[in-house]
$ cat data_24.txt   # compact mmCIF, N, CA and C atoms
# COMPACT_ATOMS: atom_id res chain seq x y z
N MET A 25 66.20 121.33 145.26
CA MET A 25 66.91 120.09 145.08
C MET A 25 66.27 119.34 143.92
N THR A 26 67.08 118.97 142.95
CA THR A 26 66.57 118.21 141.82
C THR A 26 66.52 116.73 142.16
N ILE A 27 65.89 115.96 141.30
CA ILE A 27 65.73 114.53 141.57
C ILE A 27 67.08 113.82 141.61
N SER A 28 67.99 114.20 140.73
CA SER A 28 69.27 113.50 140.66
C SER A 28 70.31 114.08 141.61
N GLU A 29 69.91 114.97 142.48
CA GLU A 29 70.84 115.57 143.44
C GLU A 29 70.77 114.83 144.77
N LYS A 30 71.92 114.46 145.30
CA LYS A 30 72.00 113.78 146.59
C LYS A 30 72.84 114.63 147.53
N ILE A 31 72.36 114.81 148.75
CA ILE A 31 73.07 115.58 149.76
C ILE A 31 73.49 114.64 150.88
N TYR A 32 74.78 114.64 151.18
CA TYR A 32 75.33 113.82 152.26
C TYR A 32 75.82 114.75 153.36
N LYS A 33 75.38 114.48 154.59
CA LYS A 33 75.80 115.27 155.75
C LYS A 33 76.50 114.34 156.75
N PRO A 34 77.29 114.91 157.65
CA PRO A 34 77.96 114.08 158.67
C PRO A 34 76.92 113.37 159.54
N PRO A 35 77.31 112.28 160.18
CA PRO A 35 76.36 111.55 161.03
C PRO A 35 75.93 112.37 162.24
N LYS A 36 74.67 112.24 162.59
CA LYS A 36 74.12 113.00 163.72
C LYS A 36 74.76 112.60 165.05
N TRP A 37 75.15 111.32 165.20
CA TRP A 37 75.73 110.89 166.47
C TRP A 37 77.04 111.62 166.75
N LEU A 38 77.80 111.93 165.71
CA LEU A 38 79.06 112.64 165.89
C LEU A 38 78.80 114.08 166.34
N PHE A 39 77.78 114.69 165.77
CA PHE A 39 77.38 116.05 166.15
C PHE A 39 76.98 116.08 167.63
N TRP A 40 76.15 115.13 168.05
CA TRP A 40 75.70 115.10 169.44
C TRP A 40 76.83 114.72 170.41
N LEU A 41 77.74 113.89 169.97
CA LEU A 41 78.90 113.55 170.80
C LEU A 41 79.75 114.78 171.07
N LEU A 42 79.96 115.60 170.05
CA LEU A 42 80.74 116.83 170.24
C LEU A 42 80.01 117.84 171.12
N ILE A 43 78.70 117.92 170.99
CA ILE A 43 77.93 118.82 171.87
C ILE A 43 78.03 118.36 173.32
N PHE A 44 77.90 117.05 173.54
CA PHE A 44 78.03 116.51 174.90
C PHE A 44 79.42 116.80 175.47
N ALA A 45 80.47 116.59 174.65
CA ALA A 45 81.83 116.85 175.12
C ALA A 45 82.03 118.33 175.42
N PHE A 46 81.46 119.20 174.60
CA PHE A 46 81.55 120.65 174.83
C PHE A 46 80.89 121.02 176.16
N ILE A 47 79.69 120.48 176.41
CA ILE A 47 78.99 120.77 177.66
C ILE A 47 79.78 120.24 178.85
N PHE A 48 80.36 119.06 178.72
CA PHE A 48 81.17 118.47 179.79
C PHE A 48 82.38 119.35 180.11
N VAL A 49 83.06 119.85 179.09
CA VAL A 49 84.24 120.69 179.29
C VAL A 49 83.84 122.03 179.93
N VAL A 50 82.76 122.63 179.45
CA VAL A 50 82.30 123.90 180.03
C VAL A 50 81.89 123.69 181.48
N ALA A 51 81.24 122.58 181.78
CA ALA A 51 80.87 122.29 183.17
C ALA A 51 82.13 122.14 184.03
N GLY A 52 83.18 121.54 183.49
CA GLY A 52 84.44 121.43 184.22
C GLY A 52 85.05 122.79 184.53
N ILE A 53 84.95 123.71 183.58
CA ILE A 53 85.46 125.07 183.81
C ILE A 53 84.66 125.75 184.91
N ILE A 54 83.34 125.57 184.87
CA ILE A 54 82.47 126.22 185.88
C ILE A 54 82.73 125.63 187.27
N VAL A 55 82.93 124.33 187.36
CA VAL A 55 83.15 123.68 188.66
C VAL A 55 84.49 124.11 189.25
N ILE A 56 85.53 124.20 188.43
CA ILE A 56 86.85 124.54 188.95
C ILE A 56 86.90 126.00 189.42
N ARG A 57 86.36 126.93 188.66
CA ARG A 57 86.29 128.36 188.99
C ARG A 57 87.59 128.96 189.50
N ASP A 58 88.68 128.53 188.95
CA ASP A 58 89.97 129.05 189.34
C ASP A 58 90.83 129.13 188.08
N ILE A 59 91.60 130.18 187.95
CA ILE A 59 92.46 130.30 186.77
C ILE A 59 93.72 129.49 187.04
N SER A 60 93.81 128.40 186.33
CA SER A 60 94.97 127.51 186.46
C SER A 60 95.26 126.91 185.09
N PHE A 61 96.28 126.10 185.04
CA PHE A 61 96.62 125.44 183.79
C PHE A 61 95.45 124.57 183.31
N THR A 62 94.78 123.92 184.25
CA THR A 62 93.67 123.03 183.90
C THR A 62 92.53 123.80 183.25
N THR A 63 92.15 124.93 183.82
CA THR A 63 91.04 125.69 183.24
C THR A 63 91.42 126.30 181.89
N ILE A 64 92.67 126.70 181.74
CA ILE A 64 93.11 127.23 180.45
C ILE A 64 93.08 126.13 179.40
N ALA A 65 93.52 124.94 179.78
CA ALA A 65 93.47 123.80 178.85
C ALA A 65 92.03 123.43 178.51
N LEU A 66 91.16 123.45 179.51
CA LEU A 66 89.74 123.16 179.26
C LEU A 66 89.11 124.22 178.36
N PHE A 67 89.49 125.47 178.55
CA PHE A 67 88.96 126.54 177.70
C PHE A 67 89.41 126.33 176.25
N CYS A 68 90.67 125.96 176.06
CA CYS A 68 91.16 125.69 174.70
C CYS A 68 90.41 124.51 174.08
N MET A 69 90.14 123.48 174.88
CA MET A 69 89.37 122.34 174.39
C MET A 69 87.95 122.77 174.02
N ALA A 70 87.35 123.64 174.82
CA ALA A 70 85.99 124.12 174.55
C ALA A 70 85.94 124.88 173.23
N VAL A 71 86.97 125.69 172.97
CA VAL A 71 87.03 126.43 171.71
C VAL A 71 87.16 125.46 170.54
N LEU A 72 88.00 124.44 170.69
CA LEU A 72 88.16 123.44 169.62
C LEU A 72 86.86 122.66 169.39
N PHE A 73 86.18 122.29 170.46
CA PHE A 73 84.90 121.58 170.30
C PHE A 73 83.86 122.47 169.62
N ALA A 74 83.83 123.76 169.98
CA ALA A 74 82.88 124.67 169.34
C ALA A 74 83.17 124.80 167.84
N ALA A 75 84.45 124.90 167.48
CA ALA A 75 84.81 124.97 166.06
C ALA A 75 84.44 123.68 165.33
N ALA A 76 84.64 122.55 165.98
CA ALA A 76 84.29 121.27 165.37
C ALA A 76 82.78 121.14 165.19
N ILE A 77 82.01 121.62 166.15
CA ILE A 77 80.54 121.58 166.03
C ILE A 77 80.08 122.43 164.87
N ILE A 78 80.65 123.62 164.73
CA ILE A 78 80.29 124.51 163.62
C ILE A 78 80.69 123.88 162.29
N GLU A 79 81.88 123.28 162.24
CA GLU A 79 82.34 122.61 161.02
C GLU A 79 81.40 121.48 160.62
N LEU A 80 81.00 120.65 161.58
CA LEU A 80 80.08 119.55 161.28
C LEU A 80 78.72 120.07 160.83
N PHE A 81 78.26 121.14 161.45
CA PHE A 81 76.95 121.70 161.10
C PHE A 81 76.94 122.22 159.66
N LEU A 82 78.05 122.83 159.23
CA LEU A 82 78.11 123.43 157.89
C LEU A 82 78.60 122.47 156.81
N SER A 83 79.15 121.34 157.21
CA SER A 83 79.76 120.42 156.25
C SER A 83 78.71 119.59 155.52
N LYS A 84 78.91 119.45 154.21
CA LYS A 84 78.05 118.58 153.41
C LYS A 84 78.73 118.30 152.07
N VAL A 85 78.28 117.24 151.45
CA VAL A 85 78.72 116.89 150.10
C VAL A 85 77.47 116.78 149.25
N VAL A 86 77.43 117.55 148.17
CA VAL A 86 76.28 117.54 147.26
C VAL A 86 76.75 116.94 145.94
N VAL A 87 76.08 115.87 145.52
CA VAL A 87 76.38 115.22 144.25
C VAL A 87 75.20 115.48 143.33
N ASP A 88 75.46 116.12 142.20
CA ASP A 88 74.41 116.33 141.21
C ASP A 88 74.90 115.87 139.84
N GLU A 89 74.13 116.17 138.80
CA GLU A 89 74.48 115.66 137.48
C GLU A 89 75.73 116.31 136.90
N SER A 90 76.15 117.45 137.43
CA SER A 90 77.32 118.12 136.88
C SER A 90 78.61 117.87 137.67
N GLY A 91 78.49 117.55 138.95
CA GLY A 91 79.71 117.34 139.72
C GLY A 91 79.47 117.11 141.19
N VAL A 92 80.54 117.31 141.96
CA VAL A 92 80.54 117.10 143.40
C VAL A 92 80.92 118.42 144.06
N GLU A 93 80.12 118.85 145.01
CA GLU A 93 80.41 120.07 145.76
C GLU A 93 80.69 119.68 147.20
N ILE A 94 81.89 120.02 147.68
CA ILE A 94 82.30 119.73 149.04
C ILE A 94 82.32 121.05 149.80
N THR A 95 81.47 121.16 150.83
CA THR A 95 81.34 122.40 151.58
C THR A 95 81.70 122.17 153.03
N GLY A 96 82.43 123.10 153.59
CA GLY A 96 82.81 123.06 155.00
C GLY A 96 82.90 124.47 155.53
N LEU A 97 83.45 124.60 156.71
CA LEU A 97 83.58 125.91 157.35
C LEU A 97 84.54 126.81 156.60
N PHE A 98 85.68 126.27 156.20
CA PHE A 98 86.71 127.08 155.57
C PHE A 98 86.93 126.75 154.10
N ARG A 99 86.13 125.85 153.53
CA ARG A 99 86.34 125.53 152.13
C ARG A 99 85.02 125.20 151.44
N LYS A 100 84.99 125.55 150.19
CA LYS A 100 83.89 125.17 149.32
C LYS A 100 84.53 124.84 147.99
N GLU A 101 84.41 123.58 147.61
CA GLU A 101 85.11 123.11 146.42
C GLU A 101 84.11 122.41 145.51
N MET A 102 84.20 122.72 144.23
CA MET A 102 83.35 122.08 143.23
C MET A 102 84.24 121.30 142.27
N ILE A 103 83.96 120.02 142.12
CA ILE A 103 84.70 119.16 141.20
C ILE A 103 83.70 118.65 140.18
N SER A 104 83.92 118.96 138.91
CA SER A 104 82.98 118.49 137.90
C SER A 104 83.22 117.01 137.60
N LEU A 105 82.17 116.35 137.17
CA LEU A 105 82.27 114.92 136.88
C LEU A 105 83.24 114.64 135.74
N SER A 106 83.40 115.60 134.82
CA SER A 106 84.32 115.39 133.71
C SER A 106 85.78 115.37 134.18
N GLU A 107 86.07 115.94 135.34
CA GLU A 107 87.42 115.92 135.90
C GLU A 107 87.72 114.64 136.66
N LEU A 108 86.69 113.90 137.05
CA LEU A 108 86.88 112.70 137.87
C LEU A 108 87.20 111.48 137.02
N GLU A 109 88.18 110.72 137.49
CA GLU A 109 88.53 109.46 136.84
C GLU A 109 87.84 108.30 137.53
N LYS A 110 87.88 108.29 138.89
CA LYS A 110 87.21 107.25 139.65
C LYS A 110 87.05 107.68 141.09
N ALA A 111 86.14 107.02 141.78
CA ALA A 111 85.94 107.19 143.22
C ALA A 111 86.18 105.84 143.85
N LYS A 112 87.01 105.81 144.88
CA LYS A 112 87.41 104.52 145.44
C LYS A 112 87.51 104.61 146.96
N ILE A 113 87.07 103.54 147.62
CA ILE A 113 87.22 103.45 149.07
C ILE A 113 88.46 102.62 149.36
N GLU A 114 89.40 103.23 150.08
CA GLU A 114 90.64 102.57 150.49
C GLU A 114 90.83 102.80 151.98
N ASP A 115 91.03 101.73 152.72
CA ASP A 115 91.21 101.81 154.18
C ASP A 115 90.08 102.59 154.84
N HIS A 116 88.87 102.33 154.44
CA HIS A 116 87.66 102.95 154.99
C HIS A 116 87.58 104.45 154.76
N GLU A 117 88.32 104.97 153.79
CA GLU A 117 88.24 106.39 153.44
C GLU A 117 87.92 106.50 151.96
N LEU A 118 87.14 107.52 151.61
CA LEU A 118 86.73 107.73 150.23
C LEU A 118 87.69 108.72 149.55
N PHE A 119 88.24 108.29 148.43
CA PHE A 119 89.16 109.12 147.66
C PHE A 119 88.58 109.38 146.28
N LEU A 120 88.78 110.58 145.78
CA LEU A 120 88.39 110.94 144.42
C LEU A 120 89.66 111.09 143.60
N TYR A 121 89.78 110.30 142.55
CA TYR A 121 90.94 110.36 141.67
C TYR A 121 90.58 111.23 140.47
N LEU A 122 91.36 112.30 140.26
CA LEU A 122 91.10 113.20 139.16
C LEU A 122 91.95 112.83 137.95
N LYS A 123 91.52 113.27 136.78
CA LYS A 123 92.21 112.93 135.54
C LYS A 123 93.58 113.58 135.43
N ASN A 124 93.81 114.66 136.17
CA ASN A 124 95.12 115.31 136.12
C ASN A 124 96.14 114.65 137.05
N GLY A 125 95.74 113.53 137.68
CA GLY A 125 96.68 112.77 138.51
C GLY A 125 96.60 113.07 139.99
N THR A 126 95.83 114.04 140.40
CA THR A 126 95.73 114.35 141.82
C THR A 126 94.65 113.49 142.47
N VAL A 127 94.77 113.37 143.77
CA VAL A 127 93.81 112.59 144.55
C VAL A 127 93.25 113.49 145.63
N ARG A 128 91.94 113.50 145.77
CA ARG A 128 91.28 114.29 146.82
C ARG A 128 90.64 113.33 147.81
N ARG A 129 90.94 113.54 149.07
CA ARG A 129 90.35 112.74 150.13
C ARG A 129 89.10 113.45 150.63
N MET A 130 88.03 112.71 150.72
CA MET A 130 86.79 113.29 151.25
C MET A 130 86.96 113.51 152.75
N PRO A 131 86.18 114.42 153.34
CA PRO A 131 86.29 114.65 154.79
C PRO A 131 86.12 113.33 155.57
N PRO A 132 86.77 113.22 156.71
CA PRO A 132 86.78 111.94 157.44
C PRO A 132 85.41 111.41 157.82
N TRP A 133 84.42 112.29 158.04
CA TRP A 133 83.11 111.79 158.45
C TRP A 133 82.33 111.18 157.29
N PHE A 134 82.87 111.26 156.07
CA PHE A 134 82.25 110.57 154.93
C PHE A 134 83.02 109.29 154.63
N ALA A 135 83.84 108.84 155.57
CA ALA A 135 84.63 107.62 155.38
C ALA A 135 83.70 106.41 155.32
N GLY A 136 83.98 105.54 154.41
CA GLY A 136 83.22 104.31 154.29
C GLY A 136 81.82 104.47 153.73
N LYS A 137 81.52 105.62 153.15
CA LYS A 137 80.19 105.83 152.55
C LYS A 137 80.14 105.10 151.22
N ALA A 138 79.75 103.85 151.26
CA ALA A 138 79.70 103.04 150.04
C ALA A 138 78.65 103.58 149.08
N SER A 139 77.55 104.12 149.60
CA SER A 139 76.51 104.66 148.72
C SER A 139 77.02 105.86 147.94
N LEU A 140 77.80 106.72 148.58
CA LEU A 140 78.38 107.88 147.89
C LEU A 140 79.37 107.42 146.83
N GLN A 141 80.17 106.44 147.16
CA GLN A 141 81.15 105.91 146.21
C GLN A 141 80.44 105.27 145.02
N LYS A 142 79.38 104.53 145.25
CA LYS A 142 78.64 103.88 144.16
C LYS A 142 77.96 104.89 143.25
N ILE A 143 77.37 105.92 143.83
CA ILE A 143 76.73 106.96 143.02
C ILE A 143 77.76 107.67 142.16
N LEU A 144 78.90 108.02 142.74
CA LEU A 144 79.93 108.70 141.97
C LEU A 144 80.48 107.80 140.87
N SER A 145 80.75 106.54 141.18
CA SER A 145 81.27 105.62 140.16
C SER A 145 80.26 105.43 139.03
N HIS A 146 78.99 105.33 139.39
CA HIS A 146 77.94 105.16 138.37
C HIS A 146 77.85 106.39 137.46
N ARG A 147 77.91 107.57 138.06
CA ARG A 147 77.82 108.79 137.24
C ARG A 147 79.05 108.99 136.38
N ILE A 148 80.21 108.63 136.89
CA ILE A 148 81.44 108.73 136.08
C ILE A 148 81.36 107.76 134.91
N LYS A 149 80.87 106.55 135.16
CA LYS A 149 80.75 105.55 134.10
C LYS A 149 79.74 106.02 133.04
N ASN A 150 78.61 106.58 133.47
CA ASN A 150 77.60 107.07 132.53
C ASN A 150 78.11 108.26 131.72
N LEU A 151 78.94 109.08 132.34
CA LEU A 151 79.49 110.24 131.63
C LEU A 151 80.48 109.78 130.56
N SER A 152 81.24 108.74 130.83
CA SER A 152 82.22 108.25 129.85
C SER A 152 81.54 107.53 128.68
N LYS A 153 80.32 107.03 128.88
CA LYS A 153 79.59 106.37 127.79
C LYS A 153 79.06 107.36 126.76
N ARG A 154 78.87 108.60 127.16
CA ARG A 154 78.31 109.61 126.25
C ARG A 154 79.28 110.02 125.19
$ encode --input "data_24.txt" --output "C-alpha cells"
Amino acid sequence: MTISEKIYKPPKWLFWLLIFAFIFVVAGIIVIRDISFTTIALFCMAVLFAAAIIELFLSKVVVDESGVEITGLFRKEMISLSELEKAKIEDHELFLYLKNGTVRRMPPWFAGKASLQKILSHRIKNLSKR
C-alpha cells in the first residue's frame, strides 16, 4: 500500500449483523427439523445471507493516484481518474460521473462516505490542474 492509496471497506457492524442473522436462520432450521415451506424459505434466506456475508467480506474500494478500483464478489472494476468528471453525494449515495456521460453508483455500503467523496473530488481537481 502506497502513501496516497486509501482502502475503504464496508462497515463492520453490517458484517456482524449479517452473521447474526445467518446464525438465527440456521438455528430456526435446526429447531424446526421438518421439511416444510418454512424450512425451505429459511434455507433460501440462509443461502442469501451467506452470499451477502461473502460479498461484504470481499468488497472494497481502493483509491490511488491513478484511479478507483471497485472490487466485489462478482465484479472488479477500475476507473481511472482521467475518466472521472466529478464525485457527488446525492440522497446519501455516492455517484461517480464519468466524462463520457455515464454515472456509476458506488455500492450501497459506501453511501454517505463524505471522506471518499472529498478525496475523489480533490484528486480530480488536482488532475485537471496539471
$ residues_near_point --input "data_24.txt" --point "(79.1, 119.6, 143.4)" --cutoff "10 Å" --atoms "only C-alpha atoms" --output "PyMOL selection string"
chain A and resi 29-31+85-95+100-105
$ atom_distance --input "data_24.txt" --atom1 "atom N of Ile43 (chain A)" --atom2 "atom C of Glu79 (chain A)"
11.3 Å
$ closest_atom_pairs --input "data_24.txt" --of "region 29-57 of chain A" --to "region 63-75 of chain A" --cutoff "6.5 Å" --atoms "all atoms listed in the file" --output "CSV"
residue,atom,partner,partner_atom,distance
A:Leu42,C,A:Phe73,C,6.2
A:Phe46,CA,A:Ala70,CA,5.6
A:Val49,C,A:Leu66,C,5.9
A:Val50,N,A:Ala70,CA,6.1
A:Ile53,CA,A:Thr63,CA,5.6
$ closest_atom_pairs --input "data_24.txt" --of "region 61-127 of chain A" --to "region 140-146 of chain A" --cutoff "6.5 Å" --atoms "only N, CA and C atoms" --output "JSON lines"
{"residue": "A:Lys110", "atom": "CA", "partner": "A:Ser145", "partner_atom": "CA", "distance": 6.2}
{"residue": "A:Ala111", "atom": "N", "partner": "A:Ser145", "partner_atom": "CA", "distance": 5.3}
{"residue": "A:Lys112", "atom": "N", "partner": "A:Gln141", "partner_atom": "CA", "distance": 6.0}
$ atom_distance --input "data_24.txt" --atom1 "atom C of Ser106 (chain A)" --atom2 "CA of Pro35 (chain A)"
28.7 Å
$ residues_around --input "data_24.txt" --residues "Leu108 (chain A)" --least-positions-apart "4" --cutoff "8 Å" --atoms "only C-alpha atoms" --output "number ranges by chain"
A: 103-104, 120-123, 148
$ select_by_dssp --input "data_24.txt" --residues "chain A" --states "strand (DSSP E)" --output "count of residues only"
33
$ closest_residue --input "data_24.txt" --among "A:Phe98, A:Trp37, A:Tyr32, A:Phe134" --to "Lys84 (chain A)" --atoms "only N, CA and C atoms"
A:Tyr32
$ residues_around --input "data_24.txt" --residues "Pro34 (chain A)" --least-positions-apart "5" --cutoff "8 Å" --atoms "all atoms listed in the file" --output "ChimeraX atom specification"
/A:39,80-85,132-134
$ closest_residue --input "data_24.txt" --among "A:Lys33, A:Glu109, A:Ile47, A:Ser28" --to "Asn124 (chain A)" --atoms "all atoms listed in the file"
A:Glu109
$ select_by_dssp --input "data_24.txt" --residues "chain A" --states "helix (DSSP H, G or I)" --output "NGL selection string"
:A and (36-56 or 61-82 or 105-107 or 132-134 or 138-153)
$ axis_aligned_box --input "data_24.txt" --around "region 106-110 of chain A" --padding-each-side "3 Å" --output "JSON"
{"center_x": 86.0, "center_y": 111.6, "center_z": 137.4, "size_x": 11.1, "size_y": 14.7, "size_z": 13.4}
$ atom_distance --input "data_24.txt" --atom1 "CA of Lys149 (chain A)" --atom2 "atom N of His116 (chain A)"
22.1 Å
